[in-house]
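Report on one structure; see the data block that follows.
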Amino acid sequence: MSGDRDSLGRVGFDLLTIALSACRQARATGRLRVSGRPGGVFHLRDGCVVAVESPGAPGPEARLLRSGRVGGEQWADLLREAGGTRWPQAGLIAHGYAGAAQLRVVCMMAMQDAAFAVVAGEVEACDPLDAVFEPYAPVDQGETPGRLLQDAARKLAAVAALPRPVRPDRERPVQAAVPDELRDRLPPRQKELFAHADGRRTARDIAFVTGLGVYTATVGMARLLGDGLLELPEAPASASPVTVRIPPTESLRKRSPSTVPGPDPELLSALAAALTAGTDDPDPDPDPAPDPAPDPDPDAETAGTADPPAADEGDRTPRTDTPEAVDGDPGGVRDDEIPGHREAAGPATAPRSASLVLPGPDAPSLPRREPGASGITETLAPERAAVSWKGFFRLRHRIWTPDSGT
């Protein structure tokens, strides 16, 4: 607070003063919302303030409940009897929990304390006056805005004049190491404040817990700090350093192409020999003519729709003659090897053996596509240009074995 008359500055205090003075001159009735930290609402009737609500100060309800004058179950019964009324003043007087004069004092102290919390905080803006008039626990005789703000400024100046001033919502003192006999000699109010000073609560927090006013809790904590019973924890000079472990440079180095594992040379040799091997037919027809259509057969009409019959054990043996070209590809499967086609074209005429037959040495190599024709722009390296993985897989699917099925 360092000698300033108020912690919010002259701009915020003057802004609130001008807004309330205009309401006083117009003898307005309604509520004035003040934006800031903590901010609040001023309820006016005929230009006088009759209630102030702020999240930075406990209201009359919290004062009665936290002080032990009224229990929680008793307060709930009073609200049910009042039909949901927020402030059951008639029930409090009827049951003898508090007198009429005592309730007026409680409401007046809550209004002044809330005004002090608004002034001690930060005022950012004042909204236009709202005609809605819903005060909570209003006082019978309102207070003029000028007198209410003057009382809040006087209290703030008194706190600033203490040897160890604190702000209601900033400092969080902790208990100092003092002898037990010194604690026992403390007055009841200071002993209560000392017990709740744990380094996590501000003066405003302690006011809500104990039911005291924010101004009372702030002054009590400032005096305990001045007497050495409380102390402010030291803020860390800087944040603790964070250790960042950087991996070695060698692990981030890009690997050279020589370190990338390549295919097995023996496998490449076997594939090259299989792809360049020829067949017995010196001049295979790359585009053979289609087989003539068979004679109409009554059973052949349902051959395309019904499930094909399972081939017998004799039909599953590999053939020994040279495979004919299918779609211009040597080493393909003939039409009579397709399940369902043999039944339509007639029984097979040549038996098959269990040995595999590869193309002969005079057979042309598999056709190769131009780079980029299939969407793959990457080509083989120059040292492996004679071998094609694409051709290997094409040949693999064209060779029929007993375990491959159809």
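Naming works like this for the structure tokens: A, B, ... for the chains as they're shown, residue 1 at the start of each chain, ligands 1 onward in shown order.
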Neighbour list for Cys107 (chain A) as a ChimeraX atom specification, cut-off 7 Å, only C-alpha atoms, skip fewer than 5 positions in-chain = /A:60,137-139
Test item: residues at most 12 Å from Pro233 (chain A), only C-alpha atoms, excluding those fewer than 2 positions along its chain, as a ChimeraX atom specification = /A:171-176,197-200,225,230-231,235-236
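The interatomic distance for the pair CA of Gly146 (chain A) and CA of Gly39 (chain A) works out to 18.1 Å.
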Would you please extract all helix (DSSP H, G or I) residues from region 143-181 of chain A, as assigned by DSSP on the backbone, and give them as an NGL selection string?
-> :A and (145-160 or 180-181)
Would you list the contacts of region 151-155 of chain A as an MDAnalysis selection string, taking every protein, DNA or RNA residue within 9 Å and counting only C-alpha atoms, but skipping same-chain residues closer than 5 positions in sequence?
-> chainID A and resid 5:6 112:113 115:120 146 160 215
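CA of Arg170 (chain A) to CA of Gly12 (chain A) spans 18.4 Å [interatomic distance, one decimal].
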Contacts of Lys191 (chain A) at 12 Å or less, counting only C-alpha atoms, minus same-chain residues fewer than 2 places along, as a PyMOL selection string?
-> chain A and resi 175+180+182-189+193-197+210+217+220-221+224+229-230
Considering only C-alpha atoms, return as a PDB file with all heavy atoms, in the first residue's frame whatever protein or nucleic-acid residues lie within 8 Å of Leu15 (chain A), sequence-local ones (same chain, fewer than 5 positions apart) excluded.
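See result02.pdb below for the written result:
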ATOM      1  N   VAL A 123     -11.490  -1.084  -9.110  1.00  0.00           N
ATOM      2  CA  VAL A 123     -12.714  -0.670  -9.789  1.00  0.00           C
ATOM      3  C   VAL A 123     -12.388  -0.422 -11.257  1.00  0.00           C
ATOM      4  O   VAL A 123     -11.539   0.422 -11.574  1.00  0.00           O
ATOM      5  CB  VAL A 123     -13.311   0.603  -9.136  1.00  0.00           C
ATOM      6  CG1 VAL A 123     -14.531   1.071  -9.917  1.00  0.00           C
ATOM      7  CG2 VAL A 123     -13.681   0.314  -7.690  1.00  0.00           C
ATOM      8  N   ALA A 125     -15.123  -0.413 -13.943  1.00  0.00           N
ATOM      9  CA  ALA A 125     -16.201   0.327 -14.605  1.00  0.00           C
ATOM     10  C   ALA A 125     -17.444   0.258 -13.741  1.00  0.00           C
ATOM     11  O   ALA A 125     -17.586  -0.617 -12.876  1.00  0.00           O
ATOM     12  CB  ALA A 125     -16.486  -0.238 -15.993  1.00  0.00           C
ATOM     13  N   CYS A 126     -18.369   1.191 -13.995  1.00  0.00           N
ATOM     14  CA  CYS A 126     -19.672   1.229 -13.336  1.00  0.00           C
ATOM     15  C   CYS A 126     -20.750   1.182 -14.411  1.00  0.00           C
ATOM     16  O   CYS A 126     -20.802   2.054 -15.297  1.00  0.00           O
ATOM     17  CB  CYS A 126     -19.820   2.513 -12.503  1.00  0.00           C
ATOM     18  SG  CYS A 126     -18.671   2.655 -11.118  1.00  0.00           S
TER      19      CYS A 126
END
Residue with smallest distance to Leu103 (chain A) - pool A:Val11, A:Leu64, A:Leu232, A:Ala82, counting only C-alpha atoms = A:Leu64
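Here CA of Ala19 (chain A) and CA of Glu134 (chain A) stand 19.3 Å from one another.
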